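First up is the structure itself, then whatever we jot down about it.
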Number of protein chains: 2
Amino acid sequence: MNCEIICVGTELLLGDILNTNAQYLSRELAALGIGVHHQQVVGDNPQRMRECMLRALNESDMIILSGGLGPTADDLTKEICCEVMGERLVLDEDILDGIRSYFVSRGRQMADNNKKQAYVPENGIVFRNANGTAPGCGIEKDGKLAVMLPGPPRELIPMFENEVMPYLAKKTGGVILSKQVRTFGIGESNMAAAVADLLDGENPTVAPYAKDGEALLRVTARADSKEKALAMCDETIERIRERIGEYIYGIDASSLEEKAVELLLAHGKKLALAESCTGGYIAKRITDIPGSSAVFECGVVSYSNEVKINLLGVNPETIEKYTEVSTQTAAEMAEGVRRLSGADFALSVTGISGPGGASEGKPVGLAYIGFSHEGGTTVKELRTGKKENSRDYNRYVTASTALHILIDYLNKKDGE
Amino acid sequence: MNCEIICVGTELLLGDILNTNAQYLSRELAALGIGVHHQQVVGDNPQRMRECMLRALNESDMIILSGGLGPTADDLTKEICCEVMGERLVLDEDILDGIRSYFVSRGRQMADNNKKQAYVPENGIVFRNANGTAPGCGIEKDGKLAVMLPGPPRELIPMFENEVMPYLAKKTGGVILSKQVRTFGIGESNMAAAVADLLDGENPTVAPYAKDGEALLRVTARADSKEKALAMCDETIERIRERIGEYIYGIDASSLEEKAVELLLAHGKKLALAESCTGGYIAKRITDIPGSSAVFECGVVSYSNEVKINLLGVNPETIEKYTEVSTQTAAEMAEGVRRLSGADFALSVTGISGPGGASEGKPVGLAYIGFSHEGGTTVKELRTGKKENSRDYNRYVTASTALHILIDYLNKKDGE
C-alpha cells in the first residue's frame, strides 16, 4: 500500500509555520508499513487542490490530506475531495450537536459558519476530534482511499493515534504496536551495527533513530491481537538487550530527565545540582518534568570561581592547583552542593562549552561531571569531540551525560 | 515571478527529519516578492524526480531544489535537473581543488566519489558552499530558472543568504534588505492592529510574526542600492516606533537573552538569579550566549523553601505569612541572591508553572518576578493566562518577562 501526503494551507507556502504534520504522518505511516512516496503542500486554491488530489489519487492507493477543514469559506479540503471522489456531503446532526456542546463547555456560542464542519461524506467514515470542532473523515471508493485530517497538530495527532491508526491497521491486517528502546552512550551507527540483522526484519520491524544526541530503536510489530503484537515486541527487545543492554536506559521512556525524575521518585531520594558550563541546563531539564519539585532540592549555577569557593565551599587551593575545569574541582562542587542542600545525590559539571575558553590540553567540549552520593564521589571526564560553534550541543550532551550517570546508578540499584 | 520548491530525500519521506528547508526557503522567497505556490518532497528515485521537475517547470517560472547533491550514487538532483533542462555537466577544476582543500584542512583525504560534486552545468552559475563540499548551482533556459541547493540547513542557509539571495534580488530588481523589529509585551494581533496600514505596503513590506511568545515585525525594502534600501527600512521602522515604541526591545537582536547579555556587557554590570518555578531556565538562556560568563555571576535554583530560607536568606515568617508565591518572597529572593553574589543586578522568580500547585487565588501561570538593583527592588506580578498542560509555555514566558524587565531597565538607562 502506498500513500501521498497533501498538506493544505497558504500559511505553509508563506513559510509562516513549519510543516510538522508531514513528518509526523510519514513516520507513523512507515511504522504501519505504508510507504509514502510523495509529499505536497498546496494553498487554499480550489483549482490547484483539485489537480493535486486527482494526480495523487491516480498515482497512489491512498492520500492523506491535512488542513482546510476549518469553518471559513477558504477551507475547502472536504468539499473538493468529495467532488474529486464523487461523494456527496451530508449534514450529520450528531456531529453538529457535538460542535455545539464543544462551544457551550467553553462558555461560548457556536458561530453559524461552524455548521459547515458538521457535513461529512455520505458514505464515508468519520474520525472524532477530541480537541477541536473539525471532525476528520475518510472515503473509500474504487480501490482508493482518501483520509482528511484537521491541520493543527494538537488535533491531528490524537485523532491519528486514536481513530485513524486502528482503522488503517485493520486495512493492513491486524493490530500494530510500537515500543521505543532508548539508549545512551552508544552512537547511532554503532547501535545500528550491533543490531544490523534485526533491522532487516519485516515483522517486527526495527528502525534506528538519532534524536538530540541520543540513539533509539523503534520496534514495531503487527499481529492479530494486541497481546501477540506486544509479545513479539518484547521478544525482539530481549534480543536487542542481549547485544546493547548496557546502553539501554529505558523502554518507552520519553527522555533522560523524565527517567531521572521517575527513578528518584521511586527511590524516594532528592537531588541537588552544581552547574558551571551547563549554566542551569540540567536544572531546567529536571524542572521541565511536572512533579519534579518532590525530588529536586536545589541547584547552584556557579559560573564564577567566587561562587564555587564562597557558596559551594570549593577549596581555593584546588582551583589554583588544578584549575576550575578539573576532576578535583568537579568533586568538591558535587560534595559542596550536597552538603549545602542536604540532598541524597548531587551532580556537578565544570567544563568548556565554547566557542572561547579552550587552553593547552583543555579543548572545547571537555567537561568533568561529579556525582556525590552516600557511598562517595565519582567524577567522569567527558570529551564531546565537538569544537567551534557547538556550544549548544556541548551543553546539551554534557547535561545528558550527567543525567545518565544518575539514571545508571539508580537502575543498577534496582538490579541489586 | 512564481516558484515551486522541491525537496529531495528519502529521509524526508520516511519522516526521519523535519523539512525545515521548505519553510526557510518559502519565507525568504516571500520576502523577495517571489510567490511559492507548491512544495513537494520526492525520494531519491530518478523517474519520480524527473516527473516532478518537468511538471514544476511547466507550471512555474522557477524551481528550487534542495538535497541530492551529495557524493553517493543515489544523489541525483544535479544529473536529472540537467537532463530535464538540456544542460551538460562539466568538471570544474577550481571546485575540485576547493573540495580537496576542504578535506585537507580537516586532516582527511578526499574520497574518489567526491569528484562527482565538482561537476557543474556547462552554462550554469555556481553558488559556493562555505560549509560543505557540494556547490549549489543554477540554470537559466527558455525563460525558466532552476536553482539547486545542498540539503543540510547549515549549508543551505548561508549559501542562500550569501549567494542565491543577491542573485535573485538582481532578477527581481535591485537590492533587497530586511530588518527585524523585536517586541515584547504586546501580542501579535495587537501589534498587527497597531501597524495595520503598514502591513499593506508593497515596498517596504512589513510582515508580523509570532515566535516563542514574542511578536516581531520584519521590514523588507527593495531599492537600487544597499544604502537606499537601508534608508527605506529605517524610515518604516521609525513609523513603527511611533506606534509601538514602548514594546520594542531591539532591532535585529536575535533574542531577549542575547540583548540582555549585550546590555550587561555594555554597562559593565553583573547579574545574579534566584529561580523557583523557572527552575534554571533563565540561567540556561543567559548562558546559551557565548561570553555570558563575563556578566553572569551566580544562579540559585531554590525549588524548596529550605533553600529559599537557608541559602537566599528569605525570612521564614515572610513565607508563612504570604506563602512562597508572593510579592514579598520574590523581593527577598532577589535581594538575597544579590547580597550572596555581590552582583549589580538580581532577578528572582517564584510562581506556579503547573499542571499542579494551584490554589485559591493562585492559578497556574501566576508568577512574581523580583528585580533588585542599586536603586531598590521591584516586583512584577505576571499571569500568563495559560492553565493546564502549559508548563513549558508558562516557564518560557515567565523567563522572557524576567529578561525583559532587565533589558527595559538598561535600555531606559541608555536613554537618560
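Quick note on naming: the chains in the C-alpha cells go A, B, ... in the order shown, residues restart at 1 in each chain, and ligands are numbered from 1 in order of appearance.
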
- Contact residues (chain B, partner chain A, 6 Å, only C-alpha atoms) as number ranges by chain: B: 13-15, 18, 23, 26-27, 36, 38-42, 279-281, 283-284, 287, 297-304

Write to file, as a tab-separated table (two decimals), in the first residue's frame, the residues of the selection just made, with N, CA and C atoms.
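Wrote it out as part-v6.tsv, contents follow:
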```tsv
chain	number	residue	atom	x	y	z
B	13	LEU	N	10.73	11.51	3.32
B	13	LEU	CA	9.52	10.71	3.10
B	13	LEU	C	9.30	9.69	4.21
B	14	LEU	N	10.40	9.30	4.86
B	14	LEU	CA	10.27	8.37	5.99
B	14	LEU	C	9.94	9.11	7.28
B	15	GLY	N	10.00	10.44	7.23
B	15	GLY	CA	9.74	11.22	8.44
B	15	GLY	C	10.91	11.21	9.41
B	18	LEU	N	12.79	16.59	9.83
B	18	LEU	CA	11.75	17.60	9.64
B	18	LEU	C	12.18	18.49	8.48
B	23	GLN	N	10.25	25.52	4.81
B	23	GLN	CA	9.79	26.72	5.49
B	23	GLN	C	10.76	27.89	5.28
B	26	SER	N	10.57	29.17	1.69
B	26	SER	CA	9.30	29.84	1.41
B	26	SER	C	9.28	31.25	2.00
B	27	ARG	N	9.78	31.34	3.22
B	27	ARG	CA	9.76	32.64	3.89
B	27	ARG	C	10.70	33.63	3.20
B	36	VAL	N	5.59	31.38	-3.68
B	36	VAL	CA	5.70	29.92	-3.74
B	36	VAL	C	4.29	29.36	-3.77
B	38	HIS	N	3.65	25.93	-4.56
B	38	HIS	CA	3.64	24.48	-4.43
B	38	HIS	C	4.95	24.04	-3.80
B	39	GLN	N	4.87	23.14	-2.83
B	39	GLN	CA	6.06	22.49	-2.27
B	39	GLN	C	5.91	20.99	-2.51
B	40	GLN	N	7.00	20.34	-2.82
B	40	GLN	CA	6.95	18.90	-2.99
B	40	GLN	C	8.14	18.26	-2.30
B	41	VAL	N	7.94	17.03	-1.86
B	41	VAL	CA	9.06	16.21	-1.38
B	41	VAL	C	9.04	14.92	-2.19
B	42	VAL	N	10.19	14.56	-2.71
B	42	VAL	CA	10.28	13.36	-3.52
B	42	VAL	C	11.52	12.58	-3.09
B	279	GLY	N	13.05	27.24	37.42
B	279	GLY	CA	13.96	26.11	37.62
B	279	GLY	C	15.26	26.12	36.84
B	280	GLY	N	15.87	27.27	36.62
B	280	GLY	CA	17.14	27.31	35.90
B	280	GLY	C	16.99	27.71	34.45
B	281	TYR	N	15.75	27.97	34.04
B	281	TYR	CA	15.50	28.30	32.62
B	281	TYR	C	16.15	29.64	32.25
B	283	ALA	N	18.76	31.04	33.77
B	283	ALA	CA	20.21	30.81	33.78
B	283	ALA	C	20.63	30.10	32.50
B	284	LYS	N	19.87	29.09	32.12
B	284	LYS	CA	20.17	28.35	30.89
B	284	LYS	C	20.17	29.28	29.68
B	287	THR	N	23.17	31.68	29.77
B	287	THR	CA	24.44	31.01	29.47
B	287	THR	C	24.43	30.33	28.10
B	297	GLU	N	27.00	36.07	37.22
B	297	GLU	CA	27.77	35.77	38.41
B	297	GLU	C	27.35	34.43	39.00
B	298	CYS	N	26.06	34.29	39.21
B	298	CYS	CA	25.61	33.16	40.02
B	298	CYS	C	24.10	32.98	39.88
B	299	GLY	N	23.68	31.73	39.83
B	299	GLY	CA	22.26	31.44	39.83
B	299	GLY	C	21.94	30.43	40.91
B	300	VAL	N	20.83	30.62	41.58
B	300	VAL	CA	20.38	29.64	42.57
B	300	VAL	C	19.00	29.16	42.16
B	301	VAL	N	18.86	27.84	42.01
B	301	VAL	CA	17.53	27.29	41.76
B	301	VAL	C	16.99	26.83	43.10
B	302	SER	N	16.11	27.65	43.65
B	302	SER	CA	15.64	27.38	45.01
B	302	SER	C	14.26	26.77	44.92
B	303	TYR	N	14.24	25.47	44.63
B	303	TYR	CA	12.96	24.80	44.44
B	303	TYR	C	12.25	24.58	45.77
B	304	SER	N	13.01	24.36	46.83
B	304	SER	CA	12.38	24.11	48.13
B	304	SER	C	12.42	25.37	49.00
```

- Message: Run DSSP on the backbone and tell me which residues of segment 23-100 of chain B come out as helix (DSSP H, G or I); list them as a PyMOL selection string.
- Response: chain B and resi 23-31+46-59+77-85+93-100

- Item | Nearest candidate to Ala56 of chain A (options A:Ile352, A:Ala146, A:Ile157, A:Val379; using only C-alpha atoms) | A:Ala146

- Near Leu217 of chain B, within 6 Å and counting only C-alpha atoms, which residues show up once chain neighbours fewer than 5 positions away are dropped, as an MDAnalysis selection string? chainID B and resid 180:181 207:208

Write the residues of the preceding selection, restricted to N, CA and C atoms, as a JSON list (two decimals), in the first residue's frame.
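The new file result.json reads:
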```json
[["chain", "number", "residue", "atom", "x", "y", "z"],
["B", 180, "GLN", "N", 14.59, 43.20, 11.37],
["B", 180, "GLN", "CA", 13.59, 42.66, 12.28],
["B", 180, "GLN", "C", 13.38, 43.59, 13.46],
["B", 181, "VAL", "N", 12.13, 43.92, 13.72],
["B", 181, "VAL", "CA", 11.80, 44.74, 14.88],
["B", 181, "VAL", "C", 11.26, 43.79, 15.95],
["B", 207, "ALA", "N", 5.89, 42.52, 7.67],
["B", 207, "ALA", "CA", 5.20, 41.26, 7.97],
["B", 207, "ALA", "C", 5.32, 40.92, 9.44],
["B", 208, "PRO", "N", 4.20, 40.60, 10.09],
["B", 208, "PRO", "CA", 4.26, 40.25, 11.51],
["B", 208, "PRO", "C", 4.51, 38.75, 11.70]]
```

- Item | Nearby residues (only C-alpha atoms) at most 10 Å from segment 314-322 of chain A, same-chain spacing under 4 positions excluded, as a list in words | Asn305, Glu306, Val307, Lys308, Ile309, Asn310, Ser326, Thr327, Gln328, Thr329, Ala330, Ala331, Glu332, Met333, Ala334, Glu335, Gly336 and Val337 of chain A

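As for atom CA of Leu312 of chain A and atom CA of Phe345 of chain B, they are spaced 20.9 Å apart.
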
- Message: Could you pull out the strand (DSSP E or B) residues of segment 192-409 of chain A, going by DSSP on the backbone, and write them as a VMD selection string?
- Response: chain A and resid 205 to 211 214 to 223 248 to 251 271 to 275 296 to 301 345 to 351 359 362 366 to 373 376 to 383
